[in-house]
Amino acid sequence: MRNKGLWAEIVKYRFAYYFVMPTLLGMLMLHIFPVFQAVYMAFLKLNQFTISQYLMAPFVGFENFADILFNVSSPIHIGLFEAVRNTVIYTVVVTIGTTAVGMLIALMVNRKFRGQNIFRALFLFPWVVPTYVTGLLWGFMWQKEIGVINIVLVDWLHLLPSKPFWLLGPNTMWAIIIPTIWRFWPLSMLMLLAGMQSIPDELYEAAEIDGASGWKKFWAITVPMLKPVWAILMLFGLIYNTYSFNIVIMMFGFGAGYPGEWGDLLMTNIFRNTFQQWAFGVGAAASVLLMIVMVVIVNFWFRFYKSAEEMAD
């Protein structure tokens, strides 16, 4: 009887299902099937010798996962700790940086002034530039002798005694963080600006009558009212920056150059050991491990945000 009732509901709303079907098929083809295929590939010995067999390659169980985590001679294990460390630092700093810069600019353009719309359009320029172009441009800008950054900092402003290497050593971390913040802060600005414009003016007027300063109004009204936007930006930043790839890989010559101990991220590490070493099974296993970690982190974030909302209510 339950199946009959379900079928009756499907028949009743069949036209709605017709409209949803293309999206569902697209999701299956572009997301669901590739994920299941990647999980299956993680248990195969898929490399340059067995690539012709593809999904019929020898089944090796958890051997690929063991190579990643415990085999000190495995190419993907070498430098894994540095890649994890860099990814954590990179993700945290970029997420906070893009949100902070976006908030600052949103506060500026939310005020009434002449040419407001022009400035808003200009501020979107970094967001319009493709990420791979951003990586190429900043790769040239960070050059030691001819890079515009060293020329400005050393030759013009005399802020540094000598021209440093930005693409070598610990400076590499800043060399990949700054372009990423530059590329993505306009998105934060747009979302925060939209959130601020939805806050009723009456709240600010009442606070002004009570003698609240601008700083007090910001912390007592703006920040709490933007809480849902903060949550979305942090979640998107956490996911997107963990999987960041284009800017770093293009900055170092699309894999022709090695980002080094302080520039290698998890995605560049997986890419290099998968496609340059032809270790497709091991690369799939690394991707699956990263996906599991991200699912746990995102689930924790949702629980934390929900509990915080309940406490606020």
# chains A, B, ... in the order shown; residues from 1 in each chain; ligands from 1
call {"tool": "select_by_dssp", "arguments": {"residues": "stretch 231-296 of chain A", "states": "helix (DSSP H, G or I)", "output": "PyMOL selection string"}}
result
chain A and resi 231-242+246-251+266-276+280-296
call {"tool": "residues_around", "arguments": {"residues": "A:Asn110", "least_positions_apart": "4", "cutoff": "8 Å", "atoms": "only C-alpha atoms", "output": "MDAnalysis selection string"}}
result
chainID A and resid 106 193 196:197
call {"tool": "write_last_selection", "arguments": {"atoms": "C-alpha atoms", "output": "PDB file, in the first residue's frame"}}
result
ATOM      1  CA  ALA A 106      31.829  46.393   2.047  1.00  0.00           C
ATOM      2  CA  LEU A 193      27.301  44.131   1.247  1.00  0.00           C
ATOM      3  CA  MET A 196      24.289  44.831   5.289  1.00  0.00           C
ATOM      4  CA  GLN A 197      21.749  46.319   2.918  1.00  0.00           C
TER       5      GLN A 197
END
call {"tool": "atom_distance", "arguments": {"atom1": "atom CA of A:Ala42", "atom2": "atom CA of A:Gly281"}}
result
4.9 Å
call {"tool": "residues_around", "arguments": {"residues": "A:Tyr240", "least_positions_apart": "6", "cutoff": "12 Å", "atoms": "only C-alpha atoms", "output": "PyMOL selection string"}}
result
chain A and resi 87+90-92+94-95+180+184+232-234+246+267+294+298
call {"tool": "residues_around", "arguments": {"residues": "stretch 211-224 of chain A", "least_positions_apart": "3", "cutoff": "12 Å", "atoms": "only C-alpha atoms", "output": "CSV table (one decimal) with all heavy atoms, in the first residue's frame"}}
result
chain,number,residue,atom,x,y,z
A,103,MET,N,34.9,42.5,4.3
A,103,MET,CA,34.1,43.3,5.2
A,103,MET,C,34.5,44.7,5.2
A,103,MET,O,33.7,45.6,5.2
A,103,MET,CB,34.3,42.7,6.6
A,103,MET,CG,33.5,43.3,7.7
A,103,MET,SD,31.8,42.8,7.6
A,103,MET,CE,31.0,44.4,7.4
A,104,LEU,N,35.8,45.0,5.2
A,104,LEU,CA,36.3,46.4,5.2
A,104,LEU,C,35.8,47.1,3.9
A,104,LEU,O,35.3,48.3,4.1
A,104,LEU,CB,37.9,46.4,5.2
A,104,LEU,CG,38.5,47.7,5.2
A,104,LEU,CD1,38.2,48.5,6.4
A,104,LEU,CD2,40.1,47.5,5.1
A,106,ALA,N,33.3,46.3,2.0
A,106,ALA,CA,31.8,46.4,2.0
A,106,ALA,C,31.4,47.6,2.9
A,106,ALA,O,30.4,48.3,2.6
A,106,ALA,CB,31.2,45.1,2.6
A,107,LEU,N,32.0,47.8,4.0
A,107,LEU,CA,31.7,48.9,4.9
A,107,LEU,C,32.0,50.2,4.2
A,107,LEU,O,31.2,51.2,4.3
A,107,LEU,CB,32.5,48.9,6.2
A,107,LEU,CG,32.1,47.8,7.2
A,107,LEU,CD1,33.2,47.7,8.3
A,107,LEU,CD2,30.7,48.1,7.8
A,192,LEU,N,28.7,40.2,1.8
A,192,LEU,CA,28.5,41.0,3.1
A,192,LEU,C,27.8,42.3,2.8
A,192,LEU,O,27.0,42.8,3.6
A,192,LEU,CB,29.9,41.3,3.6
A,192,LEU,CG,30.6,40.1,4.2
A,192,LEU,CD1,32.1,40.4,4.5
A,192,LEU,CD2,30.0,39.6,5.5
A,193,LEU,N,28.0,42.9,1.6
A,193,LEU,CA,27.3,44.1,1.2
A,193,LEU,C,25.8,43.9,1.1
A,193,LEU,O,25.0,44.7,1.6
A,193,LEU,CB,27.9,44.7,-0.1
A,193,LEU,CG,27.2,46.0,-0.6
A,193,LEU,CD1,27.4,47.1,0.4
A,193,LEU,CD2,27.9,46.4,-1.9
A,195,GLY,N,24.2,41.5,2.6
A,195,GLY,CA,23.7,41.3,4.0
A,195,GLY,C,23.5,42.6,4.7
A,195,GLY,O,22.5,42.8,5.4
A,196,MET,N,24.4,43.6,4.6
A,196,MET,CA,24.3,44.8,5.3
A,196,MET,C,23.1,45.6,4.8
A,196,MET,O,22.4,46.3,5.5
A,196,MET,CB,25.6,45.6,5.1
A,196,MET,CG,26.7,45.1,6.1
A,196,MET,SD,28.1,46.3,6.1
A,196,MET,CE,28.8,46.0,4.5
A,197,GLN,N,22.9,45.6,3.5
A,197,GLN,CA,21.7,46.3,2.9
A,197,GLN,C,20.4,45.7,3.3
A,197,GLN,O,19.4,46.4,3.1
A,197,GLN,CB,21.9,46.4,1.4
A,197,GLN,CG,23.1,47.2,0.9
A,197,GLN,CD,23.2,47.2,-0.6
A,197,GLN,OE1,22.6,46.4,-1.3
A,197,GLN,NE2,24.0,48.2,-1.1
A,198,SER,N,20.4,44.5,3.8
A,198,SER,CA,19.1,43.9,4.3
A,198,SER,C,18.8,44.2,5.8
A,198,SER,O,17.8,43.9,6.3
A,198,SER,CB,19.2,42.4,4.1
A,198,SER,OG,20.1,41.8,4.9
A,199,ILE,N,19.8,44.9,6.5
A,199,ILE,CA,19.6,45.2,7.9
A,199,ILE,C,18.7,46.5,7.9
A,199,ILE,O,19.0,47.5,7.3
A,199,ILE,CB,21.0,45.5,8.6
A,199,ILE,CG1,21.8,44.2,8.5
A,199,ILE,CG2,20.7,45.9,10.0
A,199,ILE,CD1,23.2,44.5,9.0
A,200,PRO,N,17.6,46.4,8.7
A,200,PRO,CA,16.7,47.6,8.8
A,200,PRO,C,17.5,48.8,9.3
A,200,PRO,O,18.2,48.8,10.3
A,200,PRO,CB,15.6,47.1,9.8
A,200,PRO,CG,15.7,45.6,9.7
A,200,PRO,CD,17.1,45.3,9.5
A,201,ASP,N,17.2,50.0,8.7
A,201,ASP,CA,17.8,51.2,9.1
A,201,ASP,C,17.3,51.6,10.5
A,201,ASP,O,18.0,52.4,11.2
A,201,ASP,CB,17.5,52.3,8.1
A,201,ASP,CG,18.2,52.1,6.8
A,201,ASP,OD1,19.2,51.5,6.8
A,201,ASP,OD2,17.6,52.6,5.8
A,202,GLU,N,16.2,51.2,10.9
A,202,GLU,CA,15.6,51.5,12.2
A,202,GLU,C,16.5,51.1,13.4
A,202,GLU,O,16.6,51.7,14.4
A,202,GLU,CB,14.2,50.9,12.4
A,202,GLU,CG,13.1,51.5,11.5
A,202,GLU,CD,13.2,51.0,10.1
A,202,GLU,OE1,14.0,50.0,9.8
A,202,GLU,OE2,12.4,51.5,9.2
A,203,LEU,N,17.2,50.0,13.2
A,203,LEU,CA,18.1,49.5,14.2
A,203,LEU,C,19.3,50.5,14.5
A,203,LEU,O,19.6,50.8,15.6
A,203,LEU,CB,18.7,48.1,13.9
A,203,LEU,CG,17.6,47.0,13.8
A,203,LEU,CD1,18.3,45.7,13.3
A,203,LEU,CD2,16.9,46.8,15.1
A,204,TYR,N,19.8,51.0,13.4
A,204,TYR,CA,20.9,51.9,13.5
A,204,TYR,C,20.4,53.3,14.1
A,204,TYR,O,21.1,54.0,14.9
A,204,TYR,CB,21.6,52.2,12.2
A,204,TYR,CG,22.3,51.0,11.7
A,204,TYR,CD1,21.8,50.2,10.6
A,204,TYR,CD2,23.6,50.6,12.2
A,204,TYR,CE1,22.5,49.1,10.2
A,204,TYR,CE2,24.2,49.5,11.8
A,204,TYR,CZ,23.7,48.7,10.7
A,204,TYR,OH,24.4,47.6,10.3
A,205,GLU,N,19.2,53.7,13.6
A,205,GLU,CA,18.6,54.9,14.1
A,205,GLU,C,18.4,54.9,15.6
A,205,GLU,O,18.6,55.8,16.4
A,205,GLU,CB,17.4,55.2,13.4
A,205,GLU,CG,17.6,55.5,11.9
A,205,GLU,CD,16.3,55.7,11.1
A,205,GLU,OE1,15.2,55.5,11.7
A,205,GLU,OE2,16.4,55.9,9.9
A,206,ALA,N,17.8,53.7,16.1
A,206,ALA,CA,17.6,53.6,17.5
A,206,ALA,C,18.9,53.6,18.3
A,206,ALA,O,19.0,54.2,19.4
A,206,ALA,CB,16.8,52.3,17.8
A,207,ALA,N,19.9,52.9,17.8
A,207,ALA,CA,21.2,52.9,18.5
A,207,ALA,C,21.8,54.3,18.5
A,207,ALA,O,22.5,54.6,19.5
A,207,ALA,CB,22.1,51.9,17.8
A,208,GLU,N,21.6,55.0,17.4
A,208,GLU,CA,22.2,56.4,17.4
A,208,GLU,C,21.5,57.3,18.4
A,208,GLU,O,22.1,58.1,19.1
A,208,GLU,CB,22.0,57.0,16.0
A,208,GLU,CG,22.8,58.3,15.8
A,208,GLU,CD,22.8,58.7,14.3
A,208,GLU,OE1,22.5,57.8,13.5
A,208,GLU,OE2,23.3,59.8,14.1
A,227,LYS,N,25.6,37.3,10.8
A,227,LYS,CA,26.0,35.9,11.2
A,227,LYS,C,25.8,34.8,10.2
A,227,LYS,O,26.7,34.0,9.9
A,227,LYS,CB,25.4,35.5,12.5
A,227,LYS,CG,25.9,34.2,13.1
A,227,LYS,CD,25.2,33.9,14.4
A,227,LYS,CE,25.7,32.6,15.0
A,227,LYS,NZ,25.0,32.3,16.3
A,228,PRO,N,24.6,34.8,9.5
A,228,PRO,CA,24.4,33.7,8.5
A,228,PRO,C,25.4,33.9,7.3
A,228,PRO,O,25.9,32.9,6.7
A,228,PRO,CB,23.0,34.0,8.0
A,228,PRO,CG,22.3,34.6,9.2
A,228,PRO,CD,23.4,35.5,9.8
A,229,VAL,N,25.7,35.2,6.9
A,229,VAL,CA,26.6,35.4,5.8
A,229,VAL,C,28.0,35.0,6.2
A,229,VAL,O,28.8,34.4,5.5
A,229,VAL,CB,26.6,36.9,5.4
A,229,VAL,CG1,27.6,37.1,4.2
A,229,VAL,CG2,25.2,37.3,5.1
A,230,TRP,N,28.4,35.3,7.5
A,230,TRP,CA,29.7,34.9,8.0
A,230,TRP,C,29.9,33.4,7.9
A,230,TRP,O,30.9,32.8,7.5
A,230,TRP,CB,29.9,35.3,9.5
A,230,TRP,CG,30.0,36.7,9.8
A,230,TRP,CD1,29.1,37.5,10.5
A,230,TRP,CD2,31.0,37.6,9.4
A,230,TRP,NE1,29.5,38.8,10.6
A,230,TRP,CE2,30.7,38.9,9.9
A,230,TRP,CE3,32.2,37.5,8.7
A,230,TRP,CZ2,31.5,40.0,9.8
A,230,TRP,CZ3,33.0,38.7,8.6
A,230,TRP,CH2,32.6,39.9,9.1
A,231,ALA,N,28.8,32.7,8.3
A,231,ALA,CA,28.8,31.2,8.3
A,231,ALA,C,29.0,30.6,6.9
A,231,ALA,O,29.8,29.7,6.7
A,231,ALA,CB,27.6,30.6,8.9
A,308,ALA,N,25.5,27.2,17.9
A,308,ALA,CA,25.7,28.6,18.2
A,308,ALA,C,24.4,29.4,17.9
A,308,ALA,O,24.1,30.3,18.6
A,308,ALA,CB,26.8,29.1,17.3
A,309,GLU,N,23.7,29.0,16.8
A,309,GLU,CA,22.4,29.7,16.5
A,309,GLU,C,21.4,29.5,17.6
A,309,GLU,O,20.7,30.4,18.0
A,309,GLU,CB,21.9,29.2,15.2
A,309,GLU,CG,22.2,30.1,14.0
A,309,GLU,CD,21.3,29.8,12.8
A,309,GLU,OE1,20.8,28.6,12.7
A,309,GLU,OE2,21.1,30.7,12.0
A,312,ALA,N,22.2,31.5,20.5
A,312,ALA,CA,21.9,32.9,20.3
A,312,ALA,C,20.4,33.2,20.4
A,312,ALA,O,19.9,34.3,20.9
A,312,ALA,CB,22.4,33.4,18.9
A,313,ASP,N,19.6,32.2,19.9
A,313,ASP,CA,18.1,32.4,20.0
A,313,ASP,C,17.6,32.3,21.5
A,313,ASP,O,16.6,32.9,21.8
A,313,ASP,CB,17.4,31.3,19.2
A,313,ASP,CG,17.7,31.5,17.7
A,313,ASP,OD1,18.1,32.6,17.3
A,313,ASP,OD2,17.6,30.5,16.9
call {"tool": "atom_distance", "arguments": {"atom1": "atom CA of A:Gly263", "atom2": "atom CA of A:Ile177"}}
result
9.6 Å
call {"tool": "closest_residue", "arguments": {"among": "A:Leu167, A:Ile176, A:Ala194, A:Val101", "to": "A:Leu226", "atoms": "only C-alpha atoms"}}
result
A:Ala194
call {"tool": "residues_around", "arguments": {"residues": "A:Gln143", "least_positions_apart": "5", "cutoff": "9 Å", "atoms": "only C-alpha atoms", "output": "list in words"}}
result
Trp138, Val148, Ile149, Asn150, Phe165, Trp166 and Leu167 of chain A
call {"tool": "write_last_selection", "arguments": {"atoms": "C-alpha atoms", "output": "short mmCIF file (atom, residue, chain, number, x, y, z; two decimals), in the first residue's frame"}}
result
data_model
loop_
_atom_site.label_atom_id
_atom_site.label_comp_id
_atom_site.auth_asym_id
_atom_site.auth_seq_id
_atom_site.Cartn_x
_atom_site.Cartn_y
_atom_site.Cartn_z
CA TRP A 138 51.49 37.04 -9.71
CA VAL A 148 57.17 44.61 -9.79
CA ILE A 149 56.68 43.78 -6.09
CA ASN A 150 60.41 43.82 -5.31
CA PHE A 165 63.21 35.45 -3.05
CA TRP A 166 59.43 35.21 -2.82
CA LEU A 167 59.10 31.89 -4.61
#
call {"tool": "residues_around", "arguments": {"residues": "A:Thr134", "least_positions_apart": "2", "cutoff": "9 Å", "atoms": "only C-alpha atoms", "output": "list of chain:residue names"}}
result
A:Pro126, A:Val129, A:Pro130, A:Thr131, A:Tyr132, A:Leu136, A:Leu137, A:Trp138, A:Gly139, A:Pro179, A:Thr180, A:Arg183, A:Asn246, A:Ile247, A:Met250, A:Met251
call {"tool": "atom_distance", "arguments": {"atom1": "atom CA of A:Val248", "atom2": "atom CA of A:Gly135"}}
result
6.3 Å
call {"tool": "residues_around", "arguments": {"residues": "A:Asp264", "least_positions_apart": "3", "cutoff": "8 Å", "atoms": "only C-alpha atoms", "output": "ChimeraX atom specification"}}
result
/A:82-83,86,258-261,268-269
call {"tool": "write_last_selection", "arguments": {"atoms": "N, CA, C and O atoms", "output": "mmCIF file, in the first residue's frame"}}
result
data_model
loop_
_atom_site.group_PDB
_atom_site.id
_atom_site.type_symbol
_atom_site.label_atom_id
_atom_site.label_comp_id
_atom_site.auth_asym_id
_atom_site.auth_seq_id
_atom_site.Cartn_x
_atom_site.Cartn_y
_atom_site.Cartn_z
ATOM 1 N N GLU A 82 54.374 18.280 5.088
ATOM 2 C CA GLU A 82 54.519 19.677 4.698
ATOM 3 C C GLU A 82 53.297 20.154 3.917
ATOM 4 O O GLU A 82 52.832 21.286 4.102
ATOM 5 N N ALA A 83 52.767 19.295 3.039
ATOM 6 C CA ALA A 83 51.584 19.668 2.262
ATOM 7 C C ALA A 83 50.372 19.869 3.158
ATOM 8 O O ALA A 83 49.592 20.806 2.954
ATOM 9 N N ASN A 86 50.973 23.152 5.140
ATOM 10 C CA ASN A 86 50.775 24.321 4.283
ATOM 11 C C ASN A 86 49.302 24.538 3.965
ATOM 12 O O ASN A 86 48.831 25.680 3.930
ATOM 13 N N TYR A 258 58.491 23.122 -8.997
ATOM 14 C CA TYR A 258 58.020 22.527 -7.739
ATOM 15 C C TYR A 258 57.798 23.643 -6.727
ATOM 16 O O TYR A 258 58.704 24.447 -6.489
ATOM 17 N N PRO A 259 56.606 23.742 -6.112
ATOM 18 C CA PRO A 259 56.329 24.848 -5.173
ATOM 19 C C PRO A 259 57.252 24.872 -3.968
ATOM 20 O O PRO A 259 57.354 25.900 -3.308
ATOM 21 N N GLY A 260 57.903 23.760 -3.662
ATOM 22 C CA GLY A 260 58.829 23.722 -2.546
ATOM 23 C C GLY A 260 58.170 23.351 -1.235
ATOM 24 O O GLY A 260 56.957 23.156 -1.137
ATOM 25 N N GLU A 261 58.971 23.271 -0.193
ATOM 26 C CA GLU A 261 58.508 22.811 1.116
ATOM 27 C C GLU A 261 57.401 23.691 1.671
ATOM 28 O O GLU A 261 56.489 23.212 2.334
ATOM 29 N N THR A 268 48.192 20.182 -5.050
ATOM 30 C CA THR A 268 49.355 20.143 -5.933
ATOM 31 C C THR A 268 50.174 18.880 -5.694
ATOM 32 O O THR A 268 50.740 18.309 -6.627
ATOM 33 N N ASN A 269 50.238 18.429 -4.430
ATOM 34 C CA ASN A 269 50.939 17.187 -4.112
ATOM 35 C C ASN A 269 50.252 15.997 -4.767
ATOM 36 O O ASN A 269 50.910 15.136 -5.382
#
call {"tool": "closest_residue", "arguments": {"among": "A:Leu124, A:Val293, A:Leu159, A:Leu168", "to": "A:Leu187", "atoms": "only C-alpha atoms"}}
result
A:Leu124
